[in-house]
$ cat run-v7.cif   # mmCIF, C-alpha atoms
data_input
loop_
_atom_site.label_atom_id
_atom_site.label_comp_id
_atom_site.auth_asym_id
_atom_site.auth_seq_id
_atom_site.Cartn_x
_atom_site.Cartn_y
_atom_site.Cartn_z
CA MET G 1 34.91 -13.30 12.92
CA THR G 2 33.98 -10.05 11.19
CA ALA G 3 30.30 -9.11 11.32
CA PRO G 4 28.59 -9.04 7.89
CA VAL G 5 28.21 -5.61 6.33
CA PRO G 6 24.76 -4.39 5.18
CA SER G 7 24.54 -4.60 1.41
CA SER G 8 20.94 -5.07 0.27
CA ARG G 9 18.66 -2.43 -1.30
CA LEU G 10 15.72 -3.54 0.87
CA ALA G 11 15.43 -3.79 4.66
CA PHE G 12 12.70 -4.76 7.10
CA PHE G 13 12.85 -3.00 10.47
CA VAL G 14 11.99 -5.40 13.33
CA HIS G 15 11.63 -4.12 16.89
CA THR G 16 9.89 -7.16 18.39
CA ALA G 17 9.98 -10.85 17.54
CA GLU G 18 6.23 -10.95 16.84
CA MET G 19 6.94 -9.08 13.59
CA VAL G 20 8.48 -12.28 12.22
CA ASN G 21 5.00 -13.79 11.91
CA HIS G 22 3.74 -10.60 10.31
CA TYR G 23 6.39 -10.45 7.56
CA GLN G 24 7.21 -14.10 6.99
CA ALA G 25 4.91 -14.73 4.00
CA VAL G 26 6.49 -11.77 2.18
CA TRP G 27 10.03 -12.80 3.13
CA SER G 28 9.43 -16.28 1.76
CA LEU G 29 8.38 -14.91 -1.62
CA LEU G 30 11.23 -12.39 -1.80
CA GLY G 31 13.89 -14.96 -1.01
CA ALA G 32 16.80 -14.62 1.42
CA ASP G 33 19.05 -12.75 -1.02
CA ALA G 34 16.54 -9.96 -1.70
CA PHE G 35 16.48 -8.22 1.70
CA GLU G 36 18.02 -7.84 5.13
CA VAL G 37 16.45 -7.41 8.56
CA VAL G 38 17.41 -4.51 10.82
CA LEU G 39 16.92 -5.31 14.51
CA HIS G 40 16.00 -2.70 17.11
CA GLY G 41 15.04 -2.74 20.79
CA SER G 42 16.61 -3.97 24.00
CA HIS G 43 19.40 -6.54 23.98
CA GLU G 44 16.89 -9.25 24.94
CA GLU G 45 14.45 -8.21 22.20
CA ARG G 46 17.15 -8.15 19.55
CA THR G 47 18.50 -11.53 20.67
CA GLN G 48 15.07 -13.14 20.51
CA SER G 49 14.38 -11.67 17.08
CA ARG G 50 17.81 -12.62 15.74
CA THR G 51 17.41 -16.23 16.89
CA LEU G 52 14.09 -16.58 15.08
CA ILE G 53 15.11 -14.74 11.91
CA GLU G 54 18.53 -16.30 11.41
CA GLY G 55 16.92 -19.66 12.13
CA LEU G 56 14.80 -19.03 9.03
CA GLY G 57 17.92 -18.30 6.99
CA TYR G 58 17.68 -14.51 6.76
CA ARG G 59 20.41 -11.91 7.36
CA CYS G 60 20.19 -9.56 10.35
CA HIS G 61 21.99 -6.39 11.45
CA GLY G 62 21.56 -4.30 14.57
CA SER G 63 20.08 -0.88 13.82
CA LEU G 64 23.10 1.07 15.08
CA ASP G 65 25.50 -1.29 13.29
CA ALA G 66 23.63 -0.68 10.04
CA ILE G 67 23.71 3.10 10.49
CA ASN G 68 27.37 3.17 11.53
CA SER G 69 28.35 1.07 8.51
CA GLY G 70 27.48 4.00 6.24
CA HIS G 71 25.22 1.83 4.09
CA ARG G 72 21.80 3.31 3.31
CA TYR G 73 19.02 1.07 2.12
CA GLU G 74 16.98 2.17 -0.86
CA VAL G 75 13.77 0.98 0.81
CA VAL G 76 13.04 0.43 4.52
CA VAL G 77 9.85 -1.37 5.56
CA SER G 78 8.50 -0.87 9.08
CA ASN G 79 5.16 -1.01 10.88
CA HIS G 80 5.43 2.34 12.66
CA SER G 81 7.82 5.27 13.06
CA MET G 82 8.16 5.78 16.79
CA PHE G 83 11.92 5.44 17.34
CA ASP G 84 14.40 8.27 16.80
CA HIS G 85 18.11 8.44 16.02
CA GLY G 86 19.46 11.83 16.97
CA THR G 87 17.16 14.45 15.49
CA GLN G 88 15.42 12.22 12.95
CA PRO G 89 13.33 9.03 12.88
CA ILE G 90 15.61 6.01 12.89
CA ILE G 91 13.98 4.63 9.75
CA LYS G 92 15.05 7.82 7.94
CA ALA G 93 18.61 7.30 9.14
CA LEU G 94 18.52 3.77 7.70
CA GLY G 95 17.28 4.44 4.20
CA HIS G 96 15.90 6.64 1.44
CA ARG G 97 12.35 5.37 0.83
CA GLN G 98 10.06 4.56 3.73
CA VAL G 99 7.26 1.98 3.47
CA ARG G 100 4.77 1.45 6.26
CA PHE G 101 3.47 -2.13 6.34
CA MET G 102 0.31 -1.86 8.43
CA TYR G 103 0.28 -4.21 11.39
CA ALA G 104 -3.37 -4.09 12.37
CA LEU G 105 -6.71 -2.37 12.21
CA GLY G 106 -8.01 -0.85 15.44
CA LYS G 107 -6.52 1.73 17.83
CA ALA G 108 -7.05 4.57 15.38
CA ARG G 109 -5.33 7.31 17.38
CA HIS G 110 -2.15 5.25 17.20
CA ASN G 111 -2.48 4.07 13.60
CA PHE G 112 -3.30 7.52 12.18
CA SER G 113 -0.71 9.49 14.16
CA ASP G 114 1.29 12.34 12.67
CA TRP G 115 4.38 10.14 12.27
CA ASN G 116 2.73 8.68 9.15
CA GLN G 117 4.23 11.75 7.44
CA HIS G 118 7.58 9.95 7.64
CA TYR G 119 6.43 7.46 4.99
CA ASP G 120 6.44 7.55 1.20
CA LEU G 121 4.21 4.48 0.72
CA ILE G 122 1.73 2.86 3.12
CA LEU G 123 0.62 -0.72 2.52
CA CYS G 124 -2.96 -0.88 3.79
CA PHE G 125 -5.31 -3.78 4.47
CA GLY G 126 -8.11 -2.36 2.35
CA PRO G 127 -10.27 0.60 1.28
CA TRP G 128 -11.28 1.89 4.71
CA GLN G 129 -7.71 2.16 5.96
CA ALA G 130 -6.49 3.67 2.69
CA GLU G 131 -9.12 6.42 2.86
CA ARG G 132 -8.29 7.24 6.48
CA MET G 133 -4.59 7.43 5.63
CA ARG G 134 -5.28 9.94 2.88
CA GLN G 135 -6.95 12.14 5.51
CA CYS G 136 -3.97 12.15 7.88
CA CYS G 137 -0.87 12.21 5.65
CA ASN G 138 0.43 12.70 2.12
CA ALA G 139 1.86 9.22 1.67
CA VAL G 140 0.73 7.13 -1.30
CA THR G 141 -1.43 4.16 -0.27
CA PHE G 142 -1.53 0.65 -1.72
CA GLN G 143 -4.15 -1.92 -0.71
CA MET G 144 -2.48 -5.27 -0.02
CA GLY G 145 -4.94 -7.34 2.04
CA TYR G 146 -3.53 -9.29 5.01
CA PRO G 147 -0.38 -11.22 3.98
CA ARG G 148 0.25 -13.07 7.24
CA TYR G 149 -2.92 -15.10 6.69
CA ASP G 150 -2.37 -16.09 3.06
CA ALA G 151 -1.70 -19.70 4.04
CA TYR G 152 -5.12 -19.95 5.70
CA PHE G 153 -6.72 -19.71 2.25
CA ARG G 154 -4.01 -21.57 0.34
CA GLU G 155 -4.01 -24.57 2.70
CA PRO G 156 -7.70 -25.16 3.50
CA TRP G 157 -7.04 -28.78 4.45
CA LEU G 158 -5.31 -27.53 7.64
CA GLN G 159 -8.40 -25.73 8.93
CA GLY G 160 -9.58 -27.41 12.10
CA ALA G 161 -6.15 -28.91 12.81
CA HIS G 162 -5.20 -28.92 16.50
CA PRO G 163 -1.66 -27.77 17.37
CA PRO G 164 0.00 -30.81 18.97
CA ASP G 165 1.71 -28.73 21.66
CA LEU G 166 -1.56 -27.44 23.15
CA ALA G 167 -3.13 -30.79 24.15
CA LEU G 168 -6.68 -29.87 23.11
CA ASP G 169 -9.58 -32.22 23.70
CA PRO G 170 -10.73 -33.34 20.21
CA THR G 171 -14.28 -33.88 21.49
CA LYS G 172 -14.71 -30.21 22.43
CA LYS G 173 -15.08 -27.08 20.32
CA THR G 174 -12.35 -24.50 20.78
CA VAL G 175 -12.64 -20.90 21.99
CA LEU G 176 -9.64 -18.65 21.26
CA TRP G 177 -9.36 -15.59 23.51
CA LEU G 178 -7.04 -12.85 22.23
CA PRO G 179 -7.04 -9.98 24.77
CA THR G 180 -5.04 -6.82 24.25
CA TRP G 181 -2.83 -5.27 26.94
CA LEU G 182 -2.95 -2.51 29.57
CA GLU G 183 -6.10 -0.41 30.06
CA LEU G 184 -8.06 -1.87 27.16
CA SER G 185 -7.44 -5.48 28.16
CA SER G 186 -10.48 -7.60 29.03
CA ILE G 187 -8.49 -10.00 31.23
CA SER G 188 -9.25 -8.58 34.69
CA ARG G 189 -12.96 -8.14 33.90
CA PHE G 190 -13.69 -11.39 32.07
CA ALA G 191 -11.16 -14.04 33.19
CA ASP G 192 -13.59 -15.72 35.59
CA ALA G 193 -16.34 -16.08 33.00
CA MET G 194 -13.92 -17.19 30.29
CA ALA G 195 -12.51 -19.83 32.62
CA GLY G 196 -16.08 -20.97 33.27
CA LEU G 197 -16.24 -22.12 29.65
CA CYS G 198 -13.45 -24.67 30.11
CA GLU G 199 -15.73 -27.51 31.15
CA ARG G 200 -17.54 -27.34 27.82
CA TYR G 201 -14.82 -25.97 25.50
CA ASN G 202 -11.11 -25.92 24.90
CA VAL G 203 -10.23 -22.35 25.92
CA ILE G 204 -6.93 -21.01 24.58
CA VAL G 205 -5.70 -17.64 25.83
CA LYS G 206 -2.98 -15.88 23.86
CA THR G 207 -1.90 -12.61 25.42
CA HIS G 208 -0.64 -9.50 23.63
CA PRO G 209 3.04 -9.80 22.58
CA LEU G 210 4.05 -7.04 25.02
CA SER G 211 2.02 -8.26 28.01
CA ALA G 212 4.67 -10.57 29.45
CA GLU G 213 7.01 -7.65 30.08
CA ALA G 214 4.68 -4.65 30.37
CA ASP G 215 1.52 -6.10 31.89
CA PRO G 216 2.52 -8.84 34.39
CA GLU G 217 -0.55 -8.13 36.54
CA ALA G 218 -2.77 -9.45 33.76
CA LEU G 219 -0.76 -12.64 33.51
CA ALA G 220 -1.07 -13.08 37.27
CA VAL G 221 -4.87 -12.93 36.90
CA LEU G 222 -4.79 -15.71 34.30
CA GLU G 223 -2.72 -17.91 36.62
CA ARG G 224 -5.68 -18.11 39.02
CA TYR G 225 -7.66 -20.20 36.55
CA ARG G 226 -7.19 -23.50 34.75
CA PHE G 227 -7.45 -22.62 31.08
CA THR G 228 -6.75 -25.28 28.47
CA ALA G 229 -3.72 -23.29 27.31
CA VAL G 230 -2.23 -19.87 28.08
CA ILE G 231 0.27 -18.62 25.49
CA THR G 232 2.48 -15.67 26.46
CA ARG G 233 5.37 -16.29 24.03
CA VAL G 234 5.74 -15.56 20.32
CA TYR G 235 3.27 -17.90 18.61
CA ASP G 236 1.74 -17.64 15.16
CA ASN G 237 -1.94 -16.63 15.35
CA LEU G 238 -2.51 -18.44 12.05
CA THR G 239 -2.15 -21.80 13.81
CA LEU G 240 -4.58 -20.71 16.52
CA PHE G 241 -7.17 -19.34 14.11
CA ARG G 242 -7.16 -22.63 12.23
CA CYS G 243 -8.27 -24.59 15.29
CA ALA G 244 -10.71 -22.00 16.69
CA ASP G 245 -14.47 -22.43 16.39
CA TYR G 246 -15.01 -19.10 18.15
CA VAL G 247 -12.72 -16.10 18.63
CA VAL G 248 -13.16 -13.76 21.61
CA SER G 249 -11.39 -10.42 21.50
CA ASP G 250 -11.54 -6.89 22.91
CA TYR G 251 -9.59 -4.05 21.21
CA GLY G 252 -6.75 -3.65 18.76
CA GLY G 253 -6.14 -5.73 15.67
CA THR G 254 -6.93 -9.32 16.63
CA ALA G 255 -10.67 -8.95 16.09
CA PHE G 256 -9.97 -7.94 12.50
CA GLY G 257 -7.77 -10.98 11.97
CA ALA G 258 -10.77 -13.09 12.96
CA LEU G 259 -13.02 -11.03 10.71
CA TYR G 260 -10.63 -11.43 7.76
CA LEU G 261 -10.71 -15.21 8.24
CA ASP G 262 -14.51 -15.20 8.70
CA LYS G 263 -14.39 -16.72 12.19
CA ASN G 264 -17.28 -16.57 14.66
CA LEU G 265 -16.31 -13.44 16.59
CA LEU G 266 -17.48 -12.16 19.97
CA LEU G 267 -16.20 -8.92 21.49
CA LEU G 268 -15.68 -8.09 25.16
CA ASN G 269 -16.28 -4.49 26.18
CA VAL G 270 -14.15 -2.35 28.48
CA PRO G 271 -15.78 0.79 29.96
CA ASP G 272 -14.83 4.11 28.30
CA ALA G 273 -12.75 2.39 25.60
CA GLY G 274 -13.60 5.18 23.18
CA ARG G 275 -11.79 7.66 25.42
CA ASP G 276 -8.54 5.72 25.50
CA ALA G 277 -5.43 7.47 24.16
CA LEU G 278 -4.96 4.77 21.51
CA THR G 279 -8.52 4.46 20.21
CA GLY G 280 -11.11 7.25 20.12
CA GLU G 281 -14.84 6.91 19.49
CA GLU G 282 -14.28 6.60 15.71
CA SER G 283 -11.69 3.84 16.07
CA PRO G 284 -12.75 0.76 14.06
CA ASP G 285 -12.37 -1.60 17.01
CA VAL G 286 -14.86 0.59 18.90
CA LEU G 287 -17.23 0.96 15.94
CA LEU G 288 -17.12 -2.80 15.35
CA ARG G 289 -19.51 -3.15 18.29
CA ASN G 290 -22.28 -1.66 16.16
CA ASP G 291 -22.31 -4.88 14.13
CA ILE G 292 -20.48 -7.68 15.95
CA VAL G 293 -22.03 -9.37 19.00
CA ASN G 294 -20.45 -8.01 22.21
CA LEU G 295 -20.78 -8.21 25.99
CA ASP G 296 -20.28 -5.78 28.86
CA PRO G 297 -18.47 -7.01 31.99
CA GLU G 298 -21.69 -7.23 34.02
CA ALA G 299 -23.16 -9.53 31.35
CA ARG G 300 -20.10 -11.78 31.13
CA TRP G 301 -21.90 -14.87 32.44
CA GLN G 302 -23.97 -14.84 29.26
CA LEU G 303 -20.92 -16.00 27.32
CA ALA G 304 -21.93 -19.66 27.20
CA ASP G 305 -25.46 -18.83 26.02
CA ARG G 306 -24.13 -16.59 23.24
CA LEU G 307 -21.68 -19.21 22.02
CA GLU G 308 -24.43 -21.82 21.82
CA ASP G 309 -26.91 -19.61 19.96
CA GLU G 310 -26.78 -21.00 16.41
CA CYS G 311 -29.30 -18.46 15.10
CA LEU G 312 -27.06 -15.66 16.32
CA TRP G 313 -24.05 -17.05 14.44
CA GLN G 314 -26.04 -17.51 11.25
CA GLU G 315 -27.01 -13.84 11.41
CA GLN G 316 -23.44 -12.80 12.19
CA ALA G 317 -22.11 -14.67 9.15
CA ALA G 318 -23.90 -12.23 6.81
CA VAL G 319 -22.72 -9.27 8.89
CA ARG G 320 -19.10 -10.42 8.66
CA GLN G 321 -19.24 -10.64 4.87
CA ARG G 322 -20.33 -7.01 4.65
CA LEU G 323 -17.60 -5.90 7.04
CA ARG G 324 -14.92 -7.85 5.17
CA ARG G 325 -15.75 -5.94 1.99
CA HIS G 326 -15.59 -2.69 3.94
CA TYR G 327 -12.21 -3.26 5.59
CA PHE G 328 -10.21 -5.58 3.33
CA ALA G 329 -8.97 -5.82 -0.23
CA PRO G 330 -10.20 -9.14 -1.71
CA SER G 331 -6.71 -10.63 -2.05
CA TYR G 332 -7.44 -13.70 0.05
CA GLY G 333 -4.46 -16.03 -0.30
CA PHE G 334 -2.25 -13.80 -2.45
CA SER G 335 -1.70 -10.64 -0.41
CA ALA G 336 2.03 -11.28 -0.05
CA GLU G 337 2.38 -11.32 -3.84
CA LEU G 338 0.89 -7.83 -3.94
CA VAL G 339 3.39 -6.62 -1.35
CA VAL G 340 6.31 -8.00 -3.34
CA LEU G 341 5.02 -6.30 -6.50
CA ALA G 342 4.63 -3.02 -4.63
CA LEU G 343 8.17 -3.16 -3.24
CA GLN G 344 9.64 -4.04 -6.61
CA ASN G 345 7.75 -1.22 -8.34
CA ILE G 346 7.80 1.42 -5.62
CA GLU G 347 9.04 4.27 -7.81
CA ASN G 348 6.32 3.72 -10.40
CA ILE G 349 3.68 3.55 -7.67
CA LEU G 350 4.89 6.78 -6.08
CA LYS G 351 5.04 8.53 -9.45
CA GLN G 352 1.48 7.51 -10.33
CA GLY G 353 0.21 7.99 -6.78
#

$ encode --input "run-v7.cif" --output "structure tokens"
Amino acid sequence: MTAPVPSSRLAFFVHTAEMVNHYQAVWSLLGADAFEVVLHGSHEERTQSRTLIEGLGYRCHGSLDAINSGHRYEVVVSNHSMFDHGTQPIIKALGHRQVRFMYALGKARHNFSDWNQHYDLILCFGPWQAERMRQCCNAVTFQMGYPRYDAYFREPWLQGAHPPDLALDPTKKTVLWLPTWLELSSISRFADAMAGLCERYNVIVKTHPLSAEADPEALAVLERYRFTAVITRVYDNLTLFRCADYVVSDYGGTAFGALYLDKNLLLLNVPDAGRDALTGEESPDVLLRNDIVNLDPEARWQLADRLEDECLWQEQAAVRQRLRRHYFAPSYGFSAELVVLALQNIENILKQG
């Protein structure tokens, strides 16, 4: 059977299966005939992504197959430009116009790297990110909000629903722990105290998408304790946020997902995080500690007291509202529509930008 030939004007570049959750709200609005997905990565990564994406009814092509076909997409959407093909970025080899669809806030040294110059248009979460982008590259910015969480606002009756596969105790409140990976991960420093919450709470741990392969030592630490659920596979954070009463995070983008959804948020600190190669002292996930309640490793046994402090959470609710206005466009529930409009009108946006 002959492999299908790339033919669409629009492509989404997917290098890891987790991107499916990130793009899915936009894909659903576009419709299966409006775009194709270009897969990149190892054979295992491409196979996992292909299984998920074709299962949703969308067309996929391997990145080299797409390039070798001679077809060039008019618009290629990706979340970063860190892969090359010969002497140029692979996204440039795939198409004419390059759109960066921001994946997360946090880790500023990564997000505002010089490879942003490869893009024509950058779809940002809100005003803070758009301003920072203007300082580091010449790409036009467009504020979209956070499309992957549109359904949270459009389906409010599902808030509080427990995922049936996680076997949560309905009599307990739920703590969702979303640690990052490698040096900035809170797992080795806080796993014992987080596990200590399990008698009083459902405690769900969902590790970073790359931890299973790149950070097995962290997963080994988690195996020492009896958490309610430990999720190391591709799993939609939307489902987890819906059932969480409290979200515990460290660095990267997950804290901002909780902030966007106005969840009770507590941050775990890692020493010298501001000096990490991916963050920097002005990184938003570092600066977030100026406003959001946080704990150092030596104070980790205060976790239970902080979670039970109702006055603290009432104060934090007002803080979160201010931060949401600072970091996000107010497109709660219709961010994906803005992305579709931007992609359909890219030339006009670039001309006016």

$ resolve_selection --input "run-v7.cif" --expression "the PyMOL selection byres ((chain G and resi 49) around 12)" --output "mmCIF file with C-alpha atoms, in the frame of the given file"
data_model
loop_
_atom_site.group_PDB
_atom_site.id
_atom_site.type_symbol
_atom_site.label_atom_id
_atom_site.label_comp_id
_atom_site.auth_asym_id
_atom_site.auth_seq_id
_atom_site.Cartn_x
_atom_site.Cartn_y
_atom_site.Cartn_z
ATOM 1 C CA PHE G 13 12.850 -3.000 10.470
ATOM 2 C CA VAL G 14 11.990 -5.400 13.330
ATOM 3 C CA HIS G 15 11.630 -4.120 16.890
ATOM 4 C CA THR G 16 9.890 -7.160 18.390
ATOM 5 C CA ALA G 17 9.980 -10.850 17.540
ATOM 6 C CA GLU G 18 6.230 -10.950 16.840
ATOM 7 C CA MET G 19 6.940 -9.080 13.590
ATOM 8 C CA VAL G 20 8.480 -12.280 12.220
ATOM 9 C CA ASN G 21 5.000 -13.790 11.910
ATOM 10 C CA VAL G 37 16.450 -7.410 8.560
ATOM 11 C CA VAL G 38 17.410 -4.510 10.820
ATOM 12 C CA LEU G 39 16.920 -5.310 14.510
ATOM 13 C CA HIS G 40 16.000 -2.700 17.110
ATOM 14 C CA GLY G 41 15.040 -2.740 20.790
ATOM 15 C CA SER G 42 16.610 -3.970 24.000
ATOM 16 C CA HIS G 43 19.400 -6.540 23.980
ATOM 17 C CA GLU G 44 16.890 -9.250 24.940
ATOM 18 C CA GLU G 45 14.450 -8.210 22.200
ATOM 19 C CA ARG G 46 17.150 -8.150 19.550
ATOM 20 C CA THR G 47 18.500 -11.530 20.670
ATOM 21 C CA GLN G 48 15.070 -13.140 20.510
ATOM 22 C CA ARG G 50 17.810 -12.620 15.740
ATOM 23 C CA THR G 51 17.410 -16.230 16.890
ATOM 24 C CA LEU G 52 14.090 -16.580 15.080
ATOM 25 C CA ILE G 53 15.110 -14.740 11.910
ATOM 26 C CA GLU G 54 18.530 -16.300 11.410
ATOM 27 C CA GLY G 55 16.920 -19.660 12.130
ATOM 28 C CA LEU G 56 14.800 -19.030 9.030
ATOM 29 C CA TYR G 58 17.680 -14.510 6.760
ATOM 30 C CA ARG G 59 20.410 -11.910 7.360
ATOM 31 C CA CYS G 60 20.190 -9.560 10.350
ATOM 32 C CA HIS G 61 21.990 -6.390 11.450
ATOM 33 C CA GLY G 62 21.560 -4.300 14.570
ATOM 34 C CA VAL G 234 5.740 -15.560 20.320
#

$ residues_around --input "run-v7.cif" --residues "region 23-27 of chain G" --least-positions-apart "2" --cutoff "7 Å" --atoms "all atoms listed in the file" --output "list of chain:residue names"
G:Met19, G:Val20, G:Asn21, G:Leu29, G:Leu30, G:Gly31, G:Pro147, G:Arg148, G:Ala336, G:Val339, G:Val340

$ atom_distance --input "run-v7.cif" --atom1 "CA of Phe112 (chain G)" --atom2 "CA of Arg324 (chain G)"
20.5 Å

$ closest_residue --input "run-v7.cif" --among "G:Val205, G:Thr228, G:Phe241, G:Glu36" --to "Ala167 (chain G)" --atoms "only C-alpha atoms"
G:Thr228

$ resolve_selection --input "run-v7.cif" --expression "the PyMOL selection byres ((chain G and resi 168-170) around 10)" --output "ChimeraX atom specification"
/G:161-167,171-174,201-204,228-229,243

$ write_last_selection --input "run-v7.cif" --atoms "C-alpha atoms" --output "PDB file, keeping the file's coordinate frame"
ATOM      1  CA  ALA G 161      -6.150 -28.910  12.810  1.00  0.00           C
ATOM      2  CA  HIS G 162      -5.200 -28.920  16.500  1.00  0.00           C
ATOM      3  CA  PRO G 163      -1.660 -27.770  17.370  1.00  0.00           C
ATOM      4  CA  PRO G 164       0.000 -30.810  18.970  1.00  0.00           C
ATOM      5  CA  ASP G 165       1.710 -28.730  21.660  1.00  0.00           C
ATOM      6  CA  LEU G 166      -1.560 -27.440  23.150  1.00  0.00           C
ATOM      7  CA  ALA G 167      -3.130 -30.790  24.150  1.00  0.00           C
ATOM      8  CA  THR G 171     -14.280 -33.880  21.490  1.00  0.00           C
ATOM      9  CA  LYS G 172     -14.710 -30.210  22.430  1.00  0.00           C
ATOM     10  CA  LYS G 173     -15.080 -27.080  20.320  1.00  0.00           C
ATOM     11  CA  THR G 174     -12.350 -24.500  20.780  1.00  0.00           C
ATOM     12  CA  TYR G 201     -14.820 -25.970  25.500  1.00  0.00           C
ATOM     13  CA  ASN G 202     -11.110 -25.920  24.900  1.00  0.00           C
ATOM     14  CA  VAL G 203     -10.230 -22.350  25.920  1.00  0.00           C
ATOM     15  CA  ILE G 204      -6.930 -21.010  24.580  1.00  0.00           C
ATOM     16  CA  THR G 228      -6.750 -25.280  28.470  1.00  0.00           C
ATOM     17  CA  ALA G 229      -3.720 -23.290  27.310  1.00  0.00           C
ATOM     18  CA  CYS G 243      -8.270 -24.590  15.290  1.00  0.00           C
TER      19      CYS G 243
END

$ atom_distance --input "run-v7.cif" --atom1 "CA of Ala218 (chain G)" --atom2 "CA of Leu182 (chain G)"
8.1 Å

$ closest_residue --input "run-v7.cif" --among "G:Met102, G:Ala255, G:Val140, G:Ala329" --to "Trp128 (chain G)" --atoms "all atoms listed in the file"
G:Ala329

$ resolve_selection --input "run-v7.cif" --expression "the PyMOL selection byres ((chain G and resi 146) around 12)" --output "MDAnalysis selection string"
chainID G and resid 21:26 101:105 123:126 143:145 147:153 238 253 256:261 324 327:339

$ closest_residue --input "run-v7.cif" --among "G:Leu303, G:Leu94, G:Ala195, G:Leu10" --to "Leu265 (chain G)" --atoms "all atoms listed in the file"
G:Leu303

$ residues_around --input "run-v7.cif" --residues "Val248 (chain G)" --least-positions-apart "5" --cutoff "6 Å" --atoms "all atoms listed in the file" --output "list in words"
Trp177, Leu265, Leu266 and Leu267 of chain G

$ closest_residue --input "run-v7.cif" --among "G:Val247, G:Leu295, G:Ile349, G:Val99" --to "Ser81 (chain G)" --atoms "all atoms listed in the file"
G:Val99

$ atom_distance --input "run-v7.cif" --atom1 "CA of Lys351 (chain G)" --atom2 "CA of Ser28 (chain G)"
27.6 Å

$ residues_around --input "run-v7.cif" --residues "Thr180 (chain G)" --least-positions-apart "6" --cutoff "12 Å" --atoms "only C-alpha atoms" --output "VMD selection string"
chain G and resid 106 to 107 186 to 188 205 to 212 214 to 215 218 to 219 232 248 to 255 267 to 270 278 285

$ write_last_selection --input "run-v7.cif" --atoms "C-alpha atoms" --output "PDB file, keeping the file's coordinate frame"
ATOM      1  CA  GLY G 106      -8.010  -0.850  15.440  1.00  0.00           C
ATOM      2  CA  LYS G 107      -6.520   1.730  17.830  1.00  0.00           C
ATOM      3  CA  SER G 186     -10.480  -7.600  29.030  1.00  0.00           C
ATOM      4  CA  ILE G 187      -8.490 -10.000  31.230  1.00  0.00           C
ATOM      5  CA  SER G 188      -9.250  -8.580  34.690  1.00  0.00           C
ATOM      6  CA  VAL G 205      -5.700 -17.640  25.830  1.00  0.00           C
ATOM      7  CA  LYS G 206      -2.980 -15.880  23.860  1.00  0.00           C
ATOM      8  CA  THR G 207      -1.900 -12.610  25.420  1.00  0.00           C
ATOM      9  CA  HIS G 208      -0.640  -9.500  23.630  1.00  0.00           C
ATOM     10  CA  PRO G 209       3.040  -9.800  22.580  1.00  0.00           C
ATOM     11  CA  LEU G 210       4.050  -7.040  25.020  1.00  0.00           C
ATOM     12  CA  SER G 211       2.020  -8.260  28.010  1.00  0.00           C
ATOM     13  CA  ALA G 212       4.670 -10.570  29.450  1.00  0.00           C
ATOM     14  CA  ALA G 214       4.680  -4.650  30.370  1.00  0.00           C
ATOM     15  CA  ASP G 215       1.520  -6.100  31.890  1.00  0.00           C
ATOM     16  CA  ALA G 218      -2.770  -9.450  33.760  1.00  0.00           C
ATOM     17  CA  LEU G 219      -0.760 -12.640  33.510  1.00  0.00           C
ATOM     18  CA  THR G 232       2.480 -15.670  26.460  1.00  0.00           C
ATOM     19  CA  VAL G 248     -13.160 -13.760  21.610  1.00  0.00           C
ATOM     20  CA  SER G 249     -11.390 -10.420  21.500  1.00  0.00           C
ATOM     21  CA  ASP G 250     -11.540  -6.890  22.910  1.00  0.00           C
ATOM     22  CA  TYR G 251      -9.590  -4.050  21.210  1.00  0.00           C
ATOM     23  CA  GLY G 252      -6.750  -3.650  18.760  1.00  0.00           C
ATOM     24  CA  GLY G 253      -6.140  -5.730  15.670  1.00  0.00           C
ATOM     25  CA  THR G 254      -6.930  -9.320  16.630  1.00  0.00           C
ATOM     26  CA  ALA G 255     -10.670  -8.950  16.090  1.00  0.00           C
ATOM     27  CA  LEU G 267     -16.200  -8.920  21.490  1.00  0.00           C
ATOM     28  CA  LEU G 268     -15.680  -8.090  25.160  1.00  0.00           C
ATOM     29  CA  ASN G 269     -16.280  -4.490  26.180  1.00  0.00           C
ATOM     30  CA  VAL G 270     -14.150  -2.350  28.480  1.00  0.00           C
ATOM     31  CA  LEU G 278      -4.960   4.770  21.510  1.00  0.00           C
ATOM     32  CA  ASP G 285     -12.370  -1.600  17.010  1.00  0.00           C
TER      33      ASP G 285
END

$ closest_residue --input "run-v7.cif" --among "G:Asp114, G:Asp291, G:Glu199, G:Asp84" --to "Cys137 (chain G)" --atoms "all atoms listed in the file"
G:Asp114

$ axis_aligned_box --input "run-v7.cif" --around "region 38-52 of chain G" --padding-each-side "3 Å" --output "AutoDock Vina command-line options"
--center_x 16.7 --center_y -9.6 --center_z 17.9 --size_x 11.3 --size_y 19.9 --size_z 20.1

$ residues_near_point --input "run-v7.cif" --point "(-13.0, -19.8, 32.0)" --cutoff "8 Å" --atoms "only C-alpha atoms" --output "PyMOL selection string"
chain G and resi 191-198+203+225-227

$ residues_around --input "run-v7.cif" --residues "Val75 (chain G)" --least-positions-apart "5" --cutoff "8 Å" --atoms "all atoms listed in the file" --output "mmCIF file with C-alpha atoms, keeping the file's coordinate frame"
data_model
loop_
_atom_site.group_PDB
_atom_site.id
_atom_site.type_symbol
_atom_site.label_atom_id
_atom_site.label_comp_id
_atom_site.auth_asym_id
_atom_site.auth_seq_id
_atom_site.Cartn_x
_atom_site.Cartn_y
_atom_site.Cartn_z
ATOM 1 C CA ARG G 9 18.660 -2.430 -1.300
ATOM 2 C CA LEU G 10 15.720 -3.540 0.870
ATOM 3 C CA ALA G 11 15.430 -3.790 4.660
ATOM 4 C CA GLY G 95 17.280 4.440 4.200
ATOM 5 C CA HIS G 96 15.900 6.640 1.440
ATOM 6 C CA ARG G 97 12.350 5.370 0.830
ATOM 7 C CA GLN G 98 10.060 4.560 3.730
ATOM 8 C CA VAL G 99 7.260 1.980 3.470
#
